[in-house]
Amino acid sequence: MDEEYDVIVLGTGLTECILSGIMSVNGKKVLHMDRNPYYGGESSSITPLEELYKRFSLPDTPPESMGRGRDWNVDLIPKFLMANALMLMLRVFASLIAGQLVKMLLYTEVTRYLDFKVVEGSFVYKGGKIYKVPSTETEALASNLMGMFEKRRFRKFLVFVANFDENDPKTFEGVDPKTTTMRDVYKKFDLGQDVIDFTGHALALYRTDDYLDVPCLETINRIKLYSESLARYGKSPYLYPLYGLGELPQGFARLSAIYGGTYMLNKPVDEIVMEGGKVIGVKSEGEVARCKQLICDPSYIPDRVRKAGQVIRVICILSHPIKNTNDANSCQIIIPQNQVNRNSDIYVCMISYAHNVAAQGKYIAIVSTTVETSEPENEIEPALELLEPIDQKFVAISDLYEPTDDGTESQIFASRSYDATTHFETTCNDIKDIYKRMTGSDFDFENMKRKQNDVFGEDEQ
């Protein structure tokens, strides 16, 4: 271990593993360590089921009705990937519109190591019931979410979004994408509050309504991404890895190893060594590995992060699909903040035996939201009511941390805690932000593709 590295990474959460893989592909000498004997950190997958009971200090063991413990692989922080179906079919690099994480998967060849399954539905909550999220003209006209006249107005809005091209002013229809707010776009099409709620939160995937008063370009592109991904799949725009998200960090770890990265699990971190206000190494078991830059999750540098809130997550084991989802074996449900008089949305992520994460006939639904009161379990009651009856619940309330500085002086770059959302877009934004602060340049998907060609060859892409 007494060597010098360009980058040392502490923690094997998804953020850290993706950055480790990217830095290795970029030619950096990387050492990746974790104090735990497993990958994933706070976002790890727990197996067998008995281990989940122990982790949450439940006094009992799983009943026989839960099936074999080794058939379970429960993600502590589940999130869906938004993508296009070509990733599943081709497993190659593609210059197509895709969710950010899928681009990272494609352009780093991590899909060589993973299998994914389409999530069967995306739903939104309104007035105590759930409805399929309409994102095409046909679905808009058929949806029970809206009245007849609202459907027509929403259909016109979707046609506008589908035809919109930021490089072609002829498609703007009087909207200036750099100055017109999204609130004004909604007014232009005379959309009601319920439609605004599911458009902003279930299609554009915003966590709050802050987006309404900023220029509309990003929101339009988010809705286009959702609609085009859905058009590729048919059921939903989301993917989930077979055997759970624990496979993702390991996939990027394999990528890093291919490019010369060194991994050490179950390795204690005694000290982060500083000199002149900058990191120069990491001490472990009497040895010091020297480095120029350090990436880590908040748990390794508690004095350089601050608490930014809390999130509650409740893992629910079910013996049935969620009602009114057409018996989907996987789905996402978003409860927009305005529907339940909150400042942030409530999310439900449901997967099942079909993804090889549960025993036959069993389902795992995880409810999550940002904590706003002193009684967080009461805050998620609207979501839990959708899941009844629930066989077993596992409740976790976690602190959210963010770095106190940008790391450019110390060269220590801390990731943010995972938020309550059920998708990876905010995580990817954190990855790109750290990358830019470390390198001084934006993350370049195409450059990653060229570097991969150098190793795997054009024909394999």
# chains A, B, ... in the order shown; residues from 1 in each chain; ligands from 1

call {"tool": "residues_around", "arguments": {"residues": "range 332-349 of chain A", "least_positions_apart": "2", "cutoff": "7 Å", "atoms": "only C-alpha atoms", "output": "PDB file with N, CA and C atoms, in the first residue's frame"}}
result
ATOM      1  N   GLY A 121     -44.336   0.064 -14.781  1.00  0.00           N
ATOM      2  CA  GLY A 121     -45.281   1.181 -14.814  1.00  0.00           C
ATOM      3  C   GLY A 121     -44.819   2.362 -13.990  1.00  0.00           C
ATOM      4  N   SER A 122     -45.301   3.554 -14.363  1.00  0.00           N
ATOM      5  CA  SER A 122     -45.035   4.768 -13.615  1.00  0.00           C
ATOM      6  C   SER A 122     -46.369   5.437 -13.320  1.00  0.00           C
ATOM      7  N   PHE A 123     -46.615   5.738 -12.051  1.00  0.00           N
ATOM      8  CA  PHE A 123     -47.925   6.212 -11.625  1.00  0.00           C
ATOM      9  C   PHE A 123     -47.792   7.491 -10.801  1.00  0.00           C
ATOM     10  N   VAL A 124     -48.886   8.223 -10.728  1.00  0.00           N
ATOM     11  CA  VAL A 124     -48.917   9.458  -9.959  1.00  0.00           C
ATOM     12  C   VAL A 124     -50.162   9.457  -9.080  1.00  0.00           C
ATOM     13  N   TYR A 125     -50.064  10.095  -7.927  1.00  0.00           N
ATOM     14  CA  TYR A 125     -51.124  10.121  -6.920  1.00  0.00           C
ATOM     15  C   TYR A 125     -51.959  11.384  -7.068  1.00  0.00           C
ATOM     16  N   LYS A 126     -53.274  11.220  -7.015  1.00  0.00           N
ATOM     17  CA  LYS A 126     -54.185  12.356  -7.069  1.00  0.00           C
ATOM     18  C   LYS A 126     -55.451  12.016  -6.290  1.00  0.00           C
ATOM     19  N   GLY A 127     -55.750  12.833  -5.313  1.00  0.00           N
ATOM     20  CA  GLY A 127     -56.984  12.674  -4.558  1.00  0.00           C
ATOM     21  C   GLY A 127     -57.152  11.327  -3.898  1.00  0.00           C
ATOM     22  N   ASP A 197     -48.895  19.551 -11.464  1.00  0.00           N
ATOM     23  CA  ASP A 197     -48.268  18.701 -10.448  1.00  0.00           C
ATOM     24  C   ASP A 197     -47.651  17.450 -11.064  1.00  0.00           C
ATOM     25  N   PHE A 198     -48.431  16.689 -11.835  1.00  0.00           N
ATOM     26  CA  PHE A 198     -47.856  15.441 -12.336  1.00  0.00           C
ATOM     27  C   PHE A 198     -46.866  15.677 -13.468  1.00  0.00           C
ATOM     28  N   HIS A 201     -43.552  16.818 -11.527  1.00  0.00           N
ATOM     29  CA  HIS A 201     -42.994  15.886 -10.552  1.00  0.00           C
ATOM     30  C   HIS A 201     -42.905  14.450 -11.053  1.00  0.00           C
ATOM     31  N   ALA A 202     -43.819  14.031 -11.923  1.00  0.00           N
ATOM     32  CA  ALA A 202     -43.796  12.648 -12.411  1.00  0.00           C
ATOM     33  C   ALA A 202     -43.188  12.522 -13.801  1.00  0.00           C
ATOM     34  N   ARG A 207     -38.218  17.673  -7.534  1.00  0.00           N
ATOM     35  CA  ARG A 207     -38.583  17.341  -6.157  1.00  0.00           C
ATOM     36  C   ARG A 207     -39.444  18.433  -5.514  1.00  0.00           C
ATOM     37  N   THR A 208     -39.306  19.666  -5.992  1.00  0.00           N
ATOM     38  CA  THR A 208     -40.075  20.793  -5.457  1.00  0.00           C
ATOM     39  C   THR A 208     -40.605  21.608  -6.637  1.00  0.00           C
ATOM     40  N   ILE A 351     -40.398  -3.258  -6.525  1.00  0.00           N
ATOM     41  CA  ILE A 351     -39.803  -4.307  -7.354  1.00  0.00           C
ATOM     42  C   ILE A 351     -40.212  -5.642  -6.752  1.00  0.00           C
ATOM     43  N   ALA A 365     -41.593  -2.965  -1.596  1.00  0.00           N
ATOM     44  CA  ALA A 365     -41.939  -1.570  -1.877  1.00  0.00           C
ATOM     45  C   ALA A 365     -41.214  -0.688  -0.872  1.00  0.00           C
ATOM     46  N   ILE A 366     -40.514   0.322  -1.364  1.00  0.00           N
ATOM     47  CA  ILE A 366     -39.784   1.239  -0.486  1.00  0.00           C
ATOM     48  C   ILE A 366     -40.382   2.627  -0.623  1.00  0.00           C
ATOM     49  N   VAL A 367     -40.832   3.170   0.489  1.00  0.00           N
ATOM     50  CA  VAL A 367     -41.412   4.511   0.546  1.00  0.00           C
ATOM     51  C   VAL A 367     -40.344   5.464   1.075  1.00  0.00           C
ATOM     52  N   SER A 368     -40.209   6.633   0.450  1.00  0.00           N
ATOM     53  CA  SER A 368     -39.194   7.579   0.913  1.00  0.00           C
ATOM     54  C   SER A 368     -39.662   9.015   0.714  1.00  0.00           C
ATOM     55  N   THR A 369     -39.191   9.877   1.582  1.00  0.00           N
ATOM     56  CA  THR A 369     -39.444  11.309   1.440  1.00  0.00           C
ATOM     57  C   THR A 369     -38.481  12.085   2.326  1.00  0.00           C
ATOM     58  N   THR A 370     -38.374  13.376   2.062  1.00  0.00           N
ATOM     59  CA  THR A 370     -37.591  14.271   2.904  1.00  0.00           C
ATOM     60  C   THR A 370     -38.380  14.577   4.170  1.00  0.00           C
ATOM     61  N   ILE A 380     -45.437   9.796   5.795  1.00  0.00           N
ATOM     62  CA  ILE A 380     -45.507   8.853   4.667  1.00  0.00           C
ATOM     63  C   ILE A 380     -46.767   7.998   4.706  1.00  0.00           C
ATOM     64  N   THR A 421     -35.361  10.681  -3.692  1.00  0.00           N
ATOM     65  CA  THR A 421     -35.922  10.366  -4.993  1.00  0.00           C
ATOM     66  C   THR A 421     -35.714   8.902  -5.365  1.00  0.00           C
ATOM     67  N   THR A 422     -36.544   8.421  -6.292  1.00  0.00           N
ATOM     68  CA  THR A 422     -36.437   7.032  -6.744  1.00  0.00           C
ATOM     69  C   THR A 422     -35.775   6.942  -8.108  1.00  0.00           C
TER      70      THR A 422
END

call {"tool": "select_by_dssp", "arguments": {"residues": "range 82-293 of chain A", "states": "strand (DSSP E)", "output": "PyMOL selection string"}}
result
chain A and resi 82+116-118+122-126+129-132+238-241+262-264+271-275+278-284+287-293

call {"tool": "write_last_selection", "arguments": {"atoms": "C-alpha atoms", "output": "mmCIF file, in the first residue's frame"}}
result
data_model
loop_
_atom_site.group_PDB
_atom_site.id
_atom_site.type_symbol
_atom_site.label_atom_id
_atom_site.label_comp_id
_atom_site.auth_asym_id
_atom_site.auth_seq_id
_atom_site.Cartn_x
_atom_site.Cartn_y
_atom_site.Cartn_z
ATOM 1 C CA MET A 82 -34.251 6.205 -16.944
ATOM 2 C CA PHE A 116 -31.511 -5.010 -16.531
ATOM 3 C CA LYS A 117 -35.276 -5.415 -16.601
ATOM 4 C CA VAL A 118 -37.870 -2.825 -17.576
ATOM 5 C CA SER A 122 -45.035 4.768 -13.615
ATOM 6 C CA PHE A 123 -47.925 6.212 -11.625
ATOM 7 C CA VAL A 124 -48.917 9.458 -9.959
ATOM 8 C CA TYR A 125 -51.124 10.121 -6.920
ATOM 9 C CA LYS A 126 -54.185 12.356 -7.069
ATOM 10 C CA LYS A 129 -55.905 7.335 -5.867
ATOM 11 C CA ILE A 130 -53.111 6.471 -8.287
ATOM 12 C CA TYR A 131 -53.163 6.857 -12.053
ATOM 13 C CA LYS A 132 -50.789 5.918 -14.836
ATOM 14 C CA TYR A 238 -37.262 2.988 -16.177
ATOM 15 C CA LEU A 239 -34.829 0.101 -15.746
ATOM 16 C CA TYR A 240 -33.733 -1.864 -12.686
ATOM 17 C CA PRO A 241 -30.785 -4.275 -12.448
ATOM 18 C CA THR A 262 -6.592 -1.255 -7.013
ATOM 19 C CA TYR A 263 -9.443 -2.226 -4.664
ATOM 20 C CA MET A 264 -9.221 -2.982 -0.948
ATOM 21 C CA GLU A 271 -6.187 9.070 9.176
ATOM 22 C CA ILE A 272 -6.428 11.370 6.193
ATOM 23 C CA VAL A 273 -2.939 12.870 6.000
ATOM 24 C CA MET A 274 -2.750 16.609 5.280
ATOM 25 C CA GLU A 275 0.133 18.949 4.563
ATOM 26 C CA LYS A 278 -3.948 19.809 1.180
ATOM 27 C CA VAL A 279 -4.446 16.075 1.260
ATOM 28 C CA ILE A 280 -1.274 14.057 0.661
ATOM 29 C CA GLY A 281 -2.372 10.557 1.627
ATOM 30 C CA VAL A 282 -4.413 8.087 3.649
ATOM 31 C CA LYS A 283 -3.077 6.108 6.605
ATOM 32 C CA SER A 284 -4.317 2.567 7.200
ATOM 33 C CA GLU A 287 0.914 2.332 6.161
ATOM 34 C CA VAL A 288 0.422 5.543 4.205
ATOM 35 C CA ALA A 289 -0.756 5.594 0.599
ATOM 36 C CA ARG A 290 0.080 8.978 -0.895
ATOM 37 C CA CYS A 291 -2.239 10.787 -3.298
ATOM 38 C CA LYS A 292 -2.873 14.063 -5.093
ATOM 39 C CA GLN A 293 -6.659 13.972 -4.771
#

call {"tool": "residues_around", "arguments": {"residues": "range 437-440 of chain A", "least_positions_apart": "4", "cutoff": "10 Å", "atoms": "only C-alpha atoms", "output": "PyMOL selection string"}}
result
chain A and resi 23+293-295+406-408+411-413+432-433

call {"tool": "select_by_dssp", "arguments": {"residues": "range 29-268 of chain A", "states": "alpha helix (DSSP H)", "output": "JSON, numbers by chain"}}
result
{"A": [49, 50, 51, 52, 53, 54, 55, 86, 87, 88, 89, 90, 100, 101, 102, 103, 104, 105, 106, 107, 137, 138, 139, 140, 141, 142, 148, 149, 150, 151, 152, 153, 154, 155, 156, 157, 158, 159, 160, 161, 162, 163, 182, 183, 184, 185, 186, 187, 188, 193, 194, 195, 196, 197, 198, 217, 218, 219, 220, 221, 222, 223, 224, 225, 226, 227, 228, 229, 230, 231, 232, 233, 247, 248, 249, 250, 251, 252, 253, 254, 255, 256, 257, 258]}

call {"tool": "residues_around", "arguments": {"residues": "Glu137 in chain A", "least_positions_apart": "3", "cutoff": "7 Å", "atoms": "only C-alpha atoms", "output": "ChimeraX atom specification"}}
result
/A:140-141,155,158

call {"tool": "write_last_selection", "arguments": {"atoms": "C-alpha atoms", "output": "PDB file, in the first residue's frame"}}
result
ATOM      1  CA  ALA A 140     -53.299  11.966 -22.529  1.00  0.00           C
ATOM      2  CA  LEU A 141     -56.626  11.495 -24.319  1.00  0.00           C
ATOM      3  CA  ARG A 155     -52.298  16.947 -25.610  1.00  0.00           C
ATOM      4  CA  LEU A 158     -47.206  17.350 -25.329  1.00  0.00           C
TER       5      LEU A 158
END

call {"tool": "residues_around", "arguments": {"residues": "Val195 in chain A", "least_positions_apart": "5", "cutoff": "9 Å", "atoms": "only C-alpha atoms", "output": "PyMOL selection string"}}
result
chain A and resi 145-146+150+154+200

call {"tool": "residues_around", "arguments": {"residues": "Tyr53 in chain A", "least_positions_apart": "4", "cutoff": "12 Å", "atoms": "only C-alpha atoms", "output": "list of chain:residue names"}}
result
A:Ile46, A:Thr47, A:Pro48, A:Leu49, A:Ser57, A:Leu58, A:Pro59, A:Asp60, A:Thr61, A:Pro62, A:Pro63, A:Gly69, A:Trp72, A:Val74, A:Ile315, A:Ile317, A:Gln392, A:Lys393, A:Phe394, A:Val395

call {"tool": "atom_distance", "arguments": {"atom1": "CA of Glu42 in chain A", "atom2": "CA of Asp297 in chain A"}}
result
9.5 Å
